[in-house]
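Dropping start-v2.txt in here (compact mmCIF, N, CA and C atoms):
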# COMPACT_ATOMS: atom_id res chain seq x y z
N MET X 1 -16.62 -62.40 -129.68
CA MET X 1 -17.64 -62.85 -130.60
C MET X 1 -19.03 -62.40 -130.13
N ALA X 2 -19.25 -62.41 -128.83
CA ALA X 2 -20.54 -61.99 -128.31
C ALA X 2 -20.82 -60.53 -128.65
N ARG X 3 -19.78 -59.71 -128.59
CA ARG X 3 -19.94 -58.28 -128.91
C ARG X 3 -20.36 -58.13 -130.37
N LEU X 4 -19.75 -58.90 -131.27
CA LEU X 4 -20.10 -58.84 -132.69
C LEU X 4 -21.49 -59.40 -132.94
N ASP X 5 -21.79 -60.55 -132.35
CA ASP X 5 -23.09 -61.17 -132.55
C ASP X 5 -24.24 -60.30 -132.04
N ALA X 6 -23.98 -59.51 -131.02
CA ALA X 6 -25.03 -58.66 -130.45
C ALA X 6 -25.45 -57.55 -131.41
N GLY X 7 -24.55 -57.20 -132.35
CA GLY X 7 -24.89 -56.14 -133.29
C GLY X 7 -25.10 -54.83 -132.56
N GLY X 8 -26.11 -54.09 -132.99
CA GLY X 8 -26.40 -52.82 -132.35
C GLY X 8 -25.72 -51.67 -133.06
N ASP X 9 -25.21 -50.74 -132.26
CA ASP X 9 -24.61 -49.54 -132.83
C ASP X 9 -23.09 -49.62 -132.80
N ALA X 10 -22.49 -48.94 -133.75
CA ALA X 10 -21.04 -48.88 -133.85
C ALA X 10 -20.65 -47.53 -134.43
N TRP X 11 -19.40 -47.16 -134.26
CA TRP X 11 -18.84 -45.95 -134.86
C TRP X 11 -17.97 -46.38 -136.03
N LEU X 12 -18.24 -45.84 -137.22
CA LEU X 12 -17.47 -46.15 -138.42
C LEU X 12 -16.66 -44.92 -138.81
N ALA X 13 -15.34 -45.07 -138.83
CA ALA X 13 -14.44 -43.98 -139.20
C ALA X 13 -13.86 -44.24 -140.59
N THR X 14 -13.97 -43.23 -141.45
CA THR X 14 -13.41 -43.27 -142.79
C THR X 14 -12.53 -42.05 -142.97
N ALA X 15 -11.79 -42.02 -144.07
CA ALA X 15 -10.96 -40.86 -144.38
C ALA X 15 -11.07 -40.54 -145.86
N GLY X 16 -10.99 -39.27 -146.16
CA GLY X 16 -11.07 -38.84 -147.55
C GLY X 16 -10.38 -37.50 -147.71
N ARG X 17 -10.63 -36.86 -148.84
CA ARG X 17 -9.98 -35.57 -149.13
C ARG X 17 -10.28 -34.52 -148.07
N ALA X 18 -11.45 -34.57 -147.48
CA ALA X 18 -11.83 -33.58 -146.47
C ALA X 18 -11.32 -33.95 -145.08
N GLY X 19 -10.63 -35.07 -144.95
CA GLY X 19 -10.11 -35.50 -143.66
C GLY X 19 -10.90 -36.65 -143.08
N PRO X 20 -10.66 -36.97 -141.79
CA PRO X 20 -11.37 -38.08 -141.16
C PRO X 20 -12.85 -37.79 -140.98
N HIS X 21 -13.63 -38.85 -140.99
CA HIS X 21 -15.09 -38.73 -140.84
C HIS X 21 -15.56 -39.88 -139.95
N LEU X 22 -16.34 -39.59 -138.93
CA LEU X 22 -16.80 -40.57 -137.95
C LEU X 22 -18.31 -40.47 -137.82
N VAL X 23 -19.00 -41.63 -137.98
CA VAL X 23 -20.45 -41.64 -137.87
C VAL X 23 -20.93 -42.85 -137.07
N PRO X 24 -22.02 -42.68 -136.30
CA PRO X 24 -22.63 -43.83 -135.63
C PRO X 24 -23.58 -44.52 -136.60
N LEU X 25 -23.48 -45.83 -136.69
CA LEU X 25 -24.31 -46.61 -137.61
C LEU X 25 -24.78 -47.89 -136.95
N THR X 26 -25.83 -48.47 -137.49
CA THR X 26 -26.31 -49.77 -137.06
C THR X 26 -25.43 -50.84 -137.70
N LEU X 27 -25.10 -51.86 -136.91
CA LEU X 27 -24.17 -52.90 -137.33
C LEU X 27 -24.85 -54.26 -137.34
N ALA X 28 -24.52 -55.06 -138.35
CA ALA X 28 -24.90 -56.48 -138.38
C ALA X 28 -23.63 -57.27 -138.66
N TRP X 29 -23.39 -58.33 -137.90
CA TRP X 29 -22.21 -59.17 -138.05
C TRP X 29 -22.59 -60.40 -138.85
N ASP X 30 -21.90 -60.62 -139.97
CA ASP X 30 -22.09 -61.82 -140.78
C ASP X 30 -20.98 -62.80 -140.39
N SER X 31 -21.27 -63.68 -139.45
CA SER X 31 -20.25 -64.60 -138.94
C SER X 31 -19.78 -65.59 -140.00
N THR X 32 -20.64 -65.93 -140.95
CA THR X 32 -20.25 -66.86 -142.00
C THR X 32 -19.19 -66.24 -142.91
N ALA X 33 -19.40 -65.00 -143.32
CA ALA X 33 -18.44 -64.30 -144.18
C ALA X 33 -17.33 -63.64 -143.37
N GLY X 34 -17.54 -63.49 -142.06
CA GLY X 34 -16.57 -62.80 -141.23
C GLY X 34 -16.51 -61.32 -141.54
N GLU X 35 -17.68 -60.70 -141.79
CA GLU X 35 -17.73 -59.30 -142.17
C GLU X 35 -18.74 -58.53 -141.34
N LEU X 36 -18.43 -57.26 -141.14
CA LEU X 36 -19.36 -56.31 -140.53
C LEU X 36 -20.17 -55.69 -141.66
N ILE X 37 -21.45 -55.52 -141.45
CA ILE X 37 -22.32 -54.94 -142.48
C ILE X 37 -22.98 -53.69 -141.93
N PHE X 38 -22.90 -52.63 -142.71
CA PHE X 38 -23.53 -51.35 -142.38
C PHE X 38 -24.42 -50.94 -143.54
N CYS X 39 -25.24 -49.94 -143.30
CA CYS X 39 -26.13 -49.41 -144.32
C CYS X 39 -26.09 -47.89 -144.23
N VAL X 40 -25.86 -47.21 -145.35
CA VAL X 40 -25.85 -45.75 -145.39
C VAL X 40 -26.53 -45.27 -146.67
N GLU X 41 -26.80 -43.99 -146.73
CA GLU X 41 -27.34 -43.43 -147.96
C GLU X 41 -26.21 -43.26 -148.97
N GLN X 42 -26.54 -43.49 -150.23
CA GLN X 42 -25.60 -43.22 -151.31
C GLN X 42 -25.27 -41.74 -151.28
N GLY X 43 -24.06 -41.39 -151.61
CA GLY X 43 -23.68 -39.98 -151.70
C GLY X 43 -23.26 -39.35 -150.39
N THR X 44 -23.35 -40.08 -149.27
CA THR X 44 -22.89 -39.52 -148.00
C THR X 44 -21.37 -39.45 -148.00
N VAL X 45 -20.84 -38.69 -147.06
CA VAL X 45 -19.38 -38.59 -146.92
C VAL X 45 -18.79 -39.98 -146.69
N THR X 46 -19.46 -40.79 -145.88
CA THR X 46 -18.98 -42.15 -145.61
C THR X 46 -18.87 -42.96 -146.90
N ALA X 47 -19.91 -42.96 -147.71
CA ALA X 47 -19.90 -43.72 -148.97
C ALA X 47 -18.85 -43.18 -149.93
N ARG X 48 -18.73 -41.87 -150.04
CA ARG X 48 -17.72 -41.27 -150.93
C ARG X 48 -16.31 -41.63 -150.47
N ASN X 49 -16.08 -41.57 -149.17
CA ASN X 49 -14.75 -41.90 -148.65
C ASN X 49 -14.38 -43.35 -148.95
N ILE X 50 -15.30 -44.26 -148.71
CA ILE X 50 -15.02 -45.69 -148.94
C ILE X 50 -14.75 -45.96 -150.42
N ALA X 51 -15.43 -45.24 -151.30
CA ALA X 51 -15.21 -45.43 -152.74
C ALA X 51 -13.79 -45.07 -153.15
N THR X 52 -13.15 -44.16 -152.42
CA THR X 52 -11.79 -43.74 -152.79
C THR X 52 -10.71 -44.26 -151.84
N GLU X 53 -11.10 -44.55 -150.59
CA GLU X 53 -10.15 -45.06 -149.59
C GLU X 53 -10.86 -46.09 -148.72
N PRO X 54 -10.68 -47.38 -149.02
CA PRO X 54 -11.45 -48.42 -148.33
C PRO X 54 -11.00 -48.77 -146.91
N SER X 55 -9.87 -48.23 -146.45
CA SER X 55 -9.42 -48.53 -145.08
C SER X 55 -10.32 -47.81 -144.08
N VAL X 56 -10.83 -48.59 -143.11
CA VAL X 56 -11.74 -48.03 -142.11
C VAL X 56 -11.37 -48.52 -140.72
N ARG X 57 -11.94 -47.87 -139.73
CA ARG X 57 -11.85 -48.32 -138.34
C ARG X 57 -13.25 -48.26 -137.76
N VAL X 58 -13.59 -49.29 -136.98
CA VAL X 58 -14.91 -49.39 -136.36
C VAL X 58 -14.72 -49.53 -134.86
N GLY X 59 -15.50 -48.80 -134.08
CA GLY X 59 -15.53 -48.93 -132.64
C GLY X 59 -16.89 -49.47 -132.22
N ILE X 60 -16.89 -50.57 -131.44
CA ILE X 60 -18.13 -51.21 -131.01
C ILE X 60 -18.12 -51.33 -129.49
N GLY X 61 -19.14 -50.78 -128.85
CA GLY X 61 -19.26 -50.90 -127.40
C GLY X 61 -18.92 -49.61 -126.68
N PRO X 62 -19.14 -49.62 -125.36
CA PRO X 62 -18.85 -48.43 -124.55
C PRO X 62 -17.34 -48.25 -124.36
N THR X 63 -16.93 -47.08 -123.94
CA THR X 63 -15.51 -46.75 -123.87
C THR X 63 -14.70 -47.65 -122.95
N ARG X 64 -15.30 -48.24 -121.94
CA ARG X 64 -14.55 -49.12 -121.03
C ARG X 64 -14.61 -50.59 -121.44
N ASP X 65 -15.21 -50.88 -122.58
CA ASP X 65 -15.25 -52.25 -123.08
C ASP X 65 -15.53 -52.20 -124.58
N VAL X 66 -14.59 -51.65 -125.32
CA VAL X 66 -14.79 -51.42 -126.74
C VAL X 66 -13.97 -52.40 -127.58
N LEU X 67 -14.54 -52.80 -128.68
CA LEU X 67 -13.83 -53.61 -129.67
C LEU X 67 -13.48 -52.68 -130.82
N MET X 68 -12.18 -52.53 -131.11
CA MET X 68 -11.70 -51.70 -132.21
C MET X 68 -11.38 -52.62 -133.38
N VAL X 69 -11.96 -52.34 -134.54
CA VAL X 69 -11.80 -53.18 -135.72
C VAL X 69 -11.21 -52.34 -136.85
N ASP X 70 -10.07 -52.77 -137.35
CA ASP X 70 -9.50 -52.19 -138.56
C ASP X 70 -9.84 -53.11 -139.71
N GLY X 71 -10.18 -52.54 -140.86
CA GLY X 71 -10.54 -53.40 -141.97
C GLY X 71 -10.63 -52.66 -143.29
N THR X 72 -11.04 -53.41 -144.28
CA THR X 72 -11.23 -52.89 -145.63
C THR X 72 -12.71 -52.93 -145.96
N ALA X 73 -13.23 -51.80 -146.39
CA ALA X 73 -14.65 -51.68 -146.69
C ALA X 73 -14.88 -51.72 -148.19
N GLN X 74 -16.05 -52.22 -148.55
CA GLN X 74 -16.49 -52.16 -149.94
C GLN X 74 -17.97 -51.88 -149.97
N ILE X 75 -18.37 -51.13 -150.98
CA ILE X 75 -19.79 -50.87 -151.18
C ILE X 75 -20.38 -52.11 -151.84
N ALA X 76 -21.41 -52.67 -151.21
CA ALA X 76 -21.96 -53.95 -151.64
C ALA X 76 -23.24 -53.81 -152.44
N GLY X 77 -23.60 -52.61 -152.83
CA GLY X 77 -24.76 -52.43 -153.69
C GLY X 77 -25.95 -51.83 -152.99
N LEU X 78 -26.97 -51.56 -153.78
CA LEU X 78 -28.20 -50.96 -153.28
C LEU X 78 -28.99 -51.94 -152.42
N VAL X 79 -29.54 -51.44 -151.34
CA VAL X 79 -30.34 -52.25 -150.43
C VAL X 79 -31.50 -52.89 -151.17
N ASN X 80 -32.20 -52.13 -151.99
CA ASN X 80 -33.38 -52.65 -152.67
C ASN X 80 -33.06 -53.67 -153.76
N ASP X 81 -31.81 -53.83 -154.11
CA ASP X 81 -31.40 -54.82 -155.11
C ASP X 81 -30.98 -56.15 -154.48
N ASP X 82 -30.93 -56.22 -153.16
CA ASP X 82 -30.42 -57.42 -152.49
C ASP X 82 -31.38 -57.83 -151.37
N ASN X 83 -32.41 -58.57 -151.73
CA ASN X 83 -33.40 -58.99 -150.74
C ASN X 83 -32.82 -59.89 -149.66
N TYR X 84 -31.87 -60.76 -150.04
CA TYR X 84 -31.26 -61.66 -149.05
C TYR X 84 -30.53 -60.85 -147.98
N LEU X 85 -29.65 -59.94 -148.42
CA LEU X 85 -28.87 -59.16 -147.46
C LEU X 85 -29.77 -58.21 -146.67
N SER X 86 -30.80 -57.68 -147.30
CA SER X 86 -31.74 -56.81 -146.59
C SER X 86 -32.45 -57.57 -145.47
N ALA X 87 -32.91 -58.78 -145.77
CA ALA X 87 -33.58 -59.59 -144.76
C ALA X 87 -32.61 -59.99 -143.65
N PHE X 88 -31.38 -60.34 -144.03
CA PHE X 88 -30.34 -60.70 -143.05
C PHE X 88 -30.07 -59.51 -142.13
N PHE X 89 -29.90 -58.33 -142.72
CA PHE X 89 -29.62 -57.13 -141.94
C PHE X 89 -30.76 -56.85 -140.96
N TYR X 90 -31.99 -56.96 -141.44
CA TYR X 90 -33.15 -56.73 -140.59
C TYR X 90 -33.19 -57.72 -139.43
N GLU X 91 -32.91 -58.99 -139.73
CA GLU X 91 -32.91 -60.02 -138.68
C GLU X 91 -31.84 -59.75 -137.63
N LYS X 92 -30.64 -59.38 -138.06
CA LYS X 92 -29.52 -59.16 -137.14
C LYS X 92 -29.59 -57.83 -136.42
N ALA X 93 -29.97 -56.78 -137.15
CA ALA X 93 -29.90 -55.42 -136.61
C ALA X 93 -31.24 -54.89 -136.11
N GLY X 94 -32.34 -55.52 -136.54
CA GLY X 94 -33.64 -55.05 -136.10
C GLY X 94 -34.13 -53.80 -136.81
N TRP X 95 -33.50 -53.48 -137.92
CA TRP X 95 -33.89 -52.30 -138.70
C TRP X 95 -33.91 -52.69 -140.17
N ASP X 96 -34.99 -52.36 -140.85
CA ASP X 96 -35.13 -52.70 -142.26
C ASP X 96 -34.81 -51.48 -143.12
N PRO X 97 -33.62 -51.43 -143.71
CA PRO X 97 -33.22 -50.25 -144.49
C PRO X 97 -34.03 -50.06 -145.76
N ARG X 98 -34.78 -51.08 -146.17
CA ARG X 98 -35.62 -50.95 -147.37
C ARG X 98 -36.72 -49.92 -147.16
N LEU X 99 -37.03 -49.63 -145.91
CA LEU X 99 -38.08 -48.67 -145.59
C LEU X 99 -37.59 -47.22 -145.67
N ASN X 100 -36.29 -47.03 -145.91
CA ASN X 100 -35.71 -45.69 -145.92
C ASN X 100 -35.46 -45.13 -147.32
N GLY X 101 -36.10 -45.67 -148.33
CA GLY X 101 -35.97 -45.11 -149.67
C GLY X 101 -35.08 -45.94 -150.58
N ASP X 102 -34.94 -45.44 -151.79
CA ASP X 102 -34.24 -46.18 -152.84
C ASP X 102 -32.74 -45.92 -152.90
N ASN X 103 -32.22 -45.02 -152.08
CA ASN X 103 -30.81 -44.66 -152.22
C ASN X 103 -29.92 -45.21 -151.11
N MET X 104 -30.39 -46.23 -150.39
CA MET X 104 -29.59 -46.84 -149.33
C MET X 104 -28.68 -47.93 -149.92
N ILE X 105 -27.44 -47.98 -149.42
CA ILE X 105 -26.48 -48.99 -149.88
C ILE X 105 -25.92 -49.75 -148.69
N PHE X 106 -25.46 -50.97 -148.97
CA PHE X 106 -24.78 -51.76 -147.96
C PHE X 106 -23.28 -51.54 -148.07
N ILE X 107 -22.62 -51.56 -146.93
CA ILE X 107 -21.16 -51.53 -146.86
C ILE X 107 -20.73 -52.76 -146.09
N ARG X 108 -19.80 -53.51 -146.67
CA ARG X 108 -19.22 -54.68 -146.00
C ARG X 108 -17.80 -54.34 -145.58
N VAL X 109 -17.46 -54.68 -144.34
CA VAL X 109 -16.12 -54.45 -143.83
C VAL X 109 -15.49 -55.80 -143.49
N ALA X 110 -14.39 -56.10 -144.16
CA ALA X 110 -13.61 -57.31 -143.88
C ALA X 110 -12.53 -56.94 -142.87
N PRO X 111 -12.62 -57.44 -141.64
CA PRO X 111 -11.64 -57.08 -140.61
C PRO X 111 -10.24 -57.63 -140.91
N SER X 112 -9.24 -56.81 -140.63
CA SER X 112 -7.85 -57.28 -140.70
C SER X 112 -7.23 -57.35 -139.31
N ARG X 113 -7.78 -56.57 -138.38
CA ARG X 113 -7.30 -56.60 -136.99
C ARG X 113 -8.42 -56.18 -136.06
N MET X 114 -8.51 -56.86 -134.92
CA MET X 114 -9.46 -56.48 -133.87
C MET X 114 -8.70 -56.38 -132.56
N GLN X 115 -9.03 -55.34 -131.81
CA GLN X 115 -8.41 -55.14 -130.51
C GLN X 115 -9.49 -54.92 -129.46
N ALA X 116 -9.33 -55.57 -128.32
CA ALA X 116 -10.24 -55.37 -127.19
C ALA X 116 -9.63 -54.31 -126.28
N TRP X 117 -10.38 -53.28 -125.98
CA TRP X 117 -9.93 -52.19 -125.13
C TRP X 117 -10.79 -52.14 -123.88
N ARG X 118 -10.18 -52.39 -122.74
CA ARG X 118 -10.90 -52.30 -121.48
C ARG X 118 -10.11 -51.41 -120.51
N GLU X 119 -9.16 -51.99 -119.84
CA GLU X 119 -8.39 -51.28 -118.82
C GLU X 119 -6.90 -51.29 -119.20
N VAL X 120 -6.14 -50.42 -118.61
CA VAL X 120 -4.71 -50.28 -118.91
C VAL X 120 -3.95 -51.58 -118.68
N ASP X 121 -4.32 -52.34 -117.66
CA ASP X 121 -3.58 -53.58 -117.36
C ASP X 121 -3.72 -54.63 -118.46
N GLU X 122 -4.61 -54.44 -119.40
CA GLU X 122 -4.77 -55.39 -120.50
C GLU X 122 -4.06 -54.94 -121.77
N ALA X 123 -3.30 -53.87 -121.71
CA ALA X 123 -2.69 -53.28 -122.90
C ALA X 123 -1.86 -54.29 -123.70
N ALA X 124 -1.19 -55.20 -123.03
CA ALA X 124 -0.34 -56.16 -123.74
C ALA X 124 -1.16 -57.21 -124.50
N ASN X 125 -2.40 -57.38 -124.16
CA ASN X 125 -3.23 -58.43 -124.78
C ASN X 125 -4.42 -57.86 -125.55
N ARG X 126 -4.25 -56.74 -126.19
CA ARG X 126 -5.37 -56.10 -126.90
C ARG X 126 -5.75 -56.81 -128.19
N ALA X 127 -4.79 -57.34 -128.93
CA ALA X 127 -5.09 -57.93 -130.24
C ALA X 127 -5.82 -59.25 -130.06
N VAL X 128 -7.04 -59.33 -130.58
CA VAL X 128 -7.80 -60.56 -130.52
C VAL X 128 -7.90 -61.21 -131.90
N MET X 129 -7.58 -60.43 -132.96
CA MET X 129 -7.54 -60.97 -134.32
C MET X 129 -6.57 -60.12 -135.13
N VAL X 130 -5.67 -60.78 -135.85
CA VAL X 130 -4.72 -60.09 -136.71
C VAL X 130 -4.65 -60.82 -138.04
N ASN X 131 -4.81 -60.07 -139.13
CA ASN X 131 -4.78 -60.65 -140.48
C ASN X 131 -5.70 -61.85 -140.64
N GLY X 132 -6.85 -61.79 -140.00
CA GLY X 132 -7.85 -62.84 -140.11
C GLY X 132 -7.64 -64.02 -139.17
N ASP X 133 -6.56 -64.00 -138.37
CA ASP X 133 -6.29 -65.08 -137.43
C ASP X 133 -6.69 -64.66 -136.02
N TRP X 134 -7.61 -65.44 -135.41
CA TRP X 134 -8.03 -65.16 -134.05
C TRP X 134 -6.94 -65.57 -133.09
N LYS X 135 -6.69 -64.74 -132.07
CA LYS X 135 -5.62 -64.96 -131.09
C LYS X 135 -6.21 -65.38 -129.75
N THR X 136 -5.45 -66.17 -129.03
CA THR X 136 -5.81 -66.46 -127.65
C THR X 136 -5.09 -65.44 -126.78
N THR X 137 -5.43 -65.35 -125.52
CA THR X 137 -4.79 -64.36 -124.65
C THR X 137 -3.30 -64.64 -124.50
N ASP X 138 -2.86 -65.88 -124.68
CA ASP X 138 -1.45 -66.19 -124.60
C ASP X 138 -0.67 -65.67 -125.80
N GLU X 139 -1.33 -65.51 -126.95
CA GLU X 139 -0.66 -65.08 -128.16
C GLU X 139 -0.70 -63.57 -128.39
N SER X 140 -1.66 -62.86 -127.79
CA SER X 140 -1.89 -61.45 -128.11
C SER X 140 -0.73 -60.57 -127.75
I'd like the structure from this file rewritten - as structure tokens, please.
Amino acid sequence: MARLDAGGDAWLATAGRAGPHLVPLTLAWDSTAGELIFCVEQGTVTARNIATEPSVRVGIGPTRDVLMVDGTAQIAGLVNDDNYLSAFFYEKAGWDPRLNGDNMIFIRVAPSRMQAWREVDEAANRAVMVNGDWKTTDES
């Protein structure tokens, strides 16, 4: 939870007709909705891919302590049309996407599985959330 609450940068992987696509983006965690929020320009490969294939994977953190999130993404509308979400994103991420023009959109990712990746000895206990259910280390 601390990794999600910290926000910051994340890698968002999508797939489309041209194949896999991976981009670094600023992340805001909406703990109330249980969703990851990103912001991209309309018309980017990321936005086009999500419009046709909503399954995504997100990597958060450095390689020796990364949280891998599988989920379903949806385009949540134009940044300039949603003052509440824009202010929330700015508060959580420290970046105001409204300053980047009129073609920025929000993407919401609803996680279906989260895995903690650290060292090989933890391989059996990687799943920290599956199908929306948080796991303890005894259950993973």
Using only N, CA and C atoms: which of X:Leu25, X:Ile60, X:Ile105, X:Ala10 has the shortest distance to Leu78 (chain X): X:Ile105
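The residue that comes closest to Gly94 (chain X), out of X:Ala76, X:Met114, X:Ile50, X:Ala28 and on the basis of all atoms listed in the file, is X:Ala28.
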Write out as an MDAnalysis selection string all residues of region 56-113 of chain X that DSSP puts in helix (DSSP H, G or I) for this structure's backbone. chainID X and resid 79:81 83:93 97:100
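CA of Arg98 (chain X) to CA of Asp82 (chain X) spans 9.8 Å [interatomic distance, one decimal].
If you measure from each of X:Thr26, X:Val69, X:Leu4, X:Ala15 to Thr52 (chain X) using only C-alpha atoms, the closest one turns out to be X:Ala15.
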Could you tell me, as JSON, numbers by chain, which residues of chain X DSSP assigns to strand (DSSP E) when given the backbone? {"X": [8, 9, 10, 11, 12, 13, 14, 15, 16, 19, 20, 21, 22, 23, 24, 25, 26, 27, 28, 29, 30, 35, 36, 37, 38, 39, 40, 41, 55, 56, 57, 58, 59, 60, 66, 67, 68, 69, 70, 71, 72, 73, 74, 75, 76, 77, 78, 104, 105, 106, 107, 108, 109, 110, 111, 112, 113, 114, 115, 116, 117, 127, 128, 129, 130, 133, 134]}
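Protein, DNA and RNA residues at most 8 Å from (-8.8, -63.5, -141.3), with only N, CA and C atoms, are these: Gly34, Ala110, Pro111, Ser112, Arg113, Met129, Val130, Asn131, Gly132, Asp133 and Trp134 of chain X.
When only N, CA and C atoms are used to measure the gap to Lys92 (chain X), the shortest distance among X:Leu27, X:Ala51, X:Ala2, X:Ile37 belongs to X:Leu27.
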Nearest residue to Gly101 (chain X) from the set X:Leu85, X:Asp70, X:Gly7, X:Val79 (distances using all atoms listed in the file): X:Val79
If I take atom N of Gln74 (chain X) and atom C of Ile107 (chain X), how far is one from the other in Å, to one decimal? 5.3 Å
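Between atom C of Pro54 (chain X) and atom C of Thr14 (chain X) the separation is 7.9 Å.
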Around the point (-30.4, -47.4, -149.1), in the coordinates given by the file, pick out the residues reaching within 10 Å, counting only C-alpha atoms, and return them as a PDB file with N, CA and C atoms, keeping the file's coordinate frame.
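Output saved as part.pdb:
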ATOM      1  N   CYS X  39     -25.240 -49.940-143.300  1.00  0.00           N
ATOM      2  CA  CYS X  39     -26.130 -49.410-144.320  1.00  0.00           C
ATOM      3  C   CYS X  39     -26.090 -47.890-144.230  1.00  0.00           C
ATOM      4  N   VAL X  40     -25.860 -47.210-145.350  1.00  0.00           N
ATOM      5  CA  VAL X  40     -25.850 -45.750-145.390  1.00  0.00           C
ATOM      6  C   VAL X  40     -26.530 -45.270-146.670  1.00  0.00           C
ATOM      7  N   GLU X  41     -26.800 -43.990-146.730  1.00  0.00           N
ATOM      8  CA  GLU X  41     -27.340 -43.430-147.960  1.00  0.00           C
ATOM      9  C   GLU X  41     -26.210 -43.260-148.970  1.00  0.00           C
ATOM     10  N   GLN X  42     -26.540 -43.490-150.230  1.00  0.00           N
ATOM     11  CA  GLN X  42     -25.600 -43.220-151.310  1.00  0.00           C
ATOM     12  C   GLN X  42     -25.270 -41.740-151.280  1.00  0.00           C
ATOM     13  N   GLY X  77     -23.600 -52.610-152.830  1.00  0.00           N
ATOM     14  CA  GLY X  77     -24.760 -52.430-153.690  1.00  0.00           C
ATOM     15  C   GLY X  77     -25.950 -51.830-152.990  1.00  0.00           C
ATOM     16  N   LEU X  78     -26.970 -51.560-153.780  1.00  0.00           N
ATOM     17  CA  LEU X  78     -28.200 -50.960-153.280  1.00  0.00           C
ATOM     18  C   LEU X  78     -28.990 -51.940-152.420  1.00  0.00           C
ATOM     19  N   VAL X  79     -29.540 -51.440-151.340  1.00  0.00           N
ATOM     20  CA  VAL X  79     -30.340 -52.250-150.430  1.00  0.00           C
ATOM     21  C   VAL X  79     -31.500 -52.890-151.170  1.00  0.00           C
ATOM     22  N   ASN X  80     -32.200 -52.130-151.990  1.00  0.00           N
ATOM     23  CA  ASN X  80     -33.380 -52.650-152.670  1.00  0.00           C
ATOM     24  C   ASN X  80     -33.060 -53.670-153.760  1.00  0.00           C
ATOM     25  N   ASP X  81     -31.810 -53.830-154.110  1.00  0.00           N
ATOM     26  CA  ASP X  81     -31.400 -54.820-155.110  1.00  0.00           C
ATOM     27  C   ASP X  81     -30.980 -56.150-154.480  1.00  0.00           C
ATOM     28  N   SER X  86     -30.800 -57.680-147.300  1.00  0.00           N
ATOM     29  CA  SER X  86     -31.740 -56.810-146.590  1.00  0.00           C
ATOM     30  C   SER X  86     -32.450 -57.570-145.470  1.00  0.00           C
ATOM     31  N   ASP X  96     -34.990 -52.360-140.850  1.00  0.00           N
ATOM     32  CA  ASP X  96     -35.130 -52.700-142.260  1.00  0.00           C
ATOM     33  C   ASP X  96     -34.810 -51.480-143.120  1.00  0.00           C
ATOM     34  N   PRO X  97     -33.620 -51.430-143.710  1.00  0.00           N
ATOM     35  CA  PRO X  97     -33.220 -50.250-144.490  1.00  0.00           C
ATOM     36  C   PRO X  97     -34.030 -50.060-145.760  1.00  0.00           C
ATOM     37  N   ARG X  98     -34.780 -51.080-146.170  1.00  0.00           N
ATOM     38  CA  ARG X  98     -35.620 -50.950-147.370  1.00  0.00           C
ATOM     39  C   ARG X  98     -36.720 -49.920-147.160  1.00  0.00           C
ATOM     40  N   LEU X  99     -37.030 -49.630-145.910  1.00  0.00           N
ATOM     41  CA  LEU X  99     -38.080 -48.670-145.590  1.00  0.00           C
ATOM     42  C   LEU X  99     -37.590 -47.220-145.670  1.00  0.00           C
ATOM     43  N   ASN X 100     -36.290 -47.030-145.910  1.00  0.00           N
ATOM     44  CA  ASN X 100     -35.710 -45.690-145.920  1.00  0.00           C
ATOM     45  C   ASN X 100     -35.460 -45.130-147.320  1.00  0.00           C
ATOM     46  N   GLY X 101     -36.100 -45.670-148.330  1.00  0.00           N
ATOM     47  CA  GLY X 101     -35.970 -45.110-149.670  1.00  0.00           C
ATOM     48  C   GLY X 101     -35.080 -45.940-150.580  1.00  0.00           C
ATOM     49  N   ASP X 102     -34.940 -45.440-151.790  1.00  0.00           N
ATOM     50  CA  ASP X 102     -34.240 -46.180-152.840  1.00  0.00           C
ATOM     51  C   ASP X 102     -32.740 -45.920-152.900  1.00  0.00           C
ATOM     52  N   ASN X 103     -32.220 -45.020-152.080  1.00  0.00           N
ATOM     53  CA  ASN X 103     -30.810 -44.660-152.220  1.00  0.00           C
ATOM     54  C   ASN X 103     -29.920 -45.210-151.110  1.00  0.00           C
ATOM     55  N   MET X 104     -30.390 -46.230-150.390  1.00  0.00           N
ATOM     56  CA  MET X 104     -29.590 -46.840-149.330  1.00  0.00           C
ATOM     57  C   MET X 104     -28.680 -47.930-149.920  1.00  0.00           C
ATOM     58  N   ILE X 105     -27.440 -47.980-149.420  1.00  0.00           N
ATOM     59  CA  ILE X 105     -26.480 -48.990-149.880  1.00  0.00           C
ATOM     60  C   ILE X 105     -25.920 -49.750-148.690  1.00  0.00           C
ATOM     61  N   PHE X 106     -25.460 -50.970-148.970  1.00  0.00           N
ATOM     62  CA  PHE X 106     -24.780 -51.760-147.960  1.00  0.00           C
ATOM     63  C   PHE X 106     -23.280 -51.540-148.070  1.00  0.00           C
TER      64      PHE X 106
END
I'd like the box whose edges run along x, y and z of the file and which contains every listed atom of region 40-57 of chain X, padded by 3 Å per side; could you state its centre and edge lengths in Å, one decimal, as JSON?
{"center_x": -18.4, "center_y": -43.7, "center_z": -145.5, "size_x": 23.9, "size_y": 16.2, "size_z": 21.4}
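Among the candidates X:Gly71, X:Thr32, X:Arg48, X:Ala93, the one nearest to Asp9 (chain X) when counting only N, CA and C atoms is X:Ala93.
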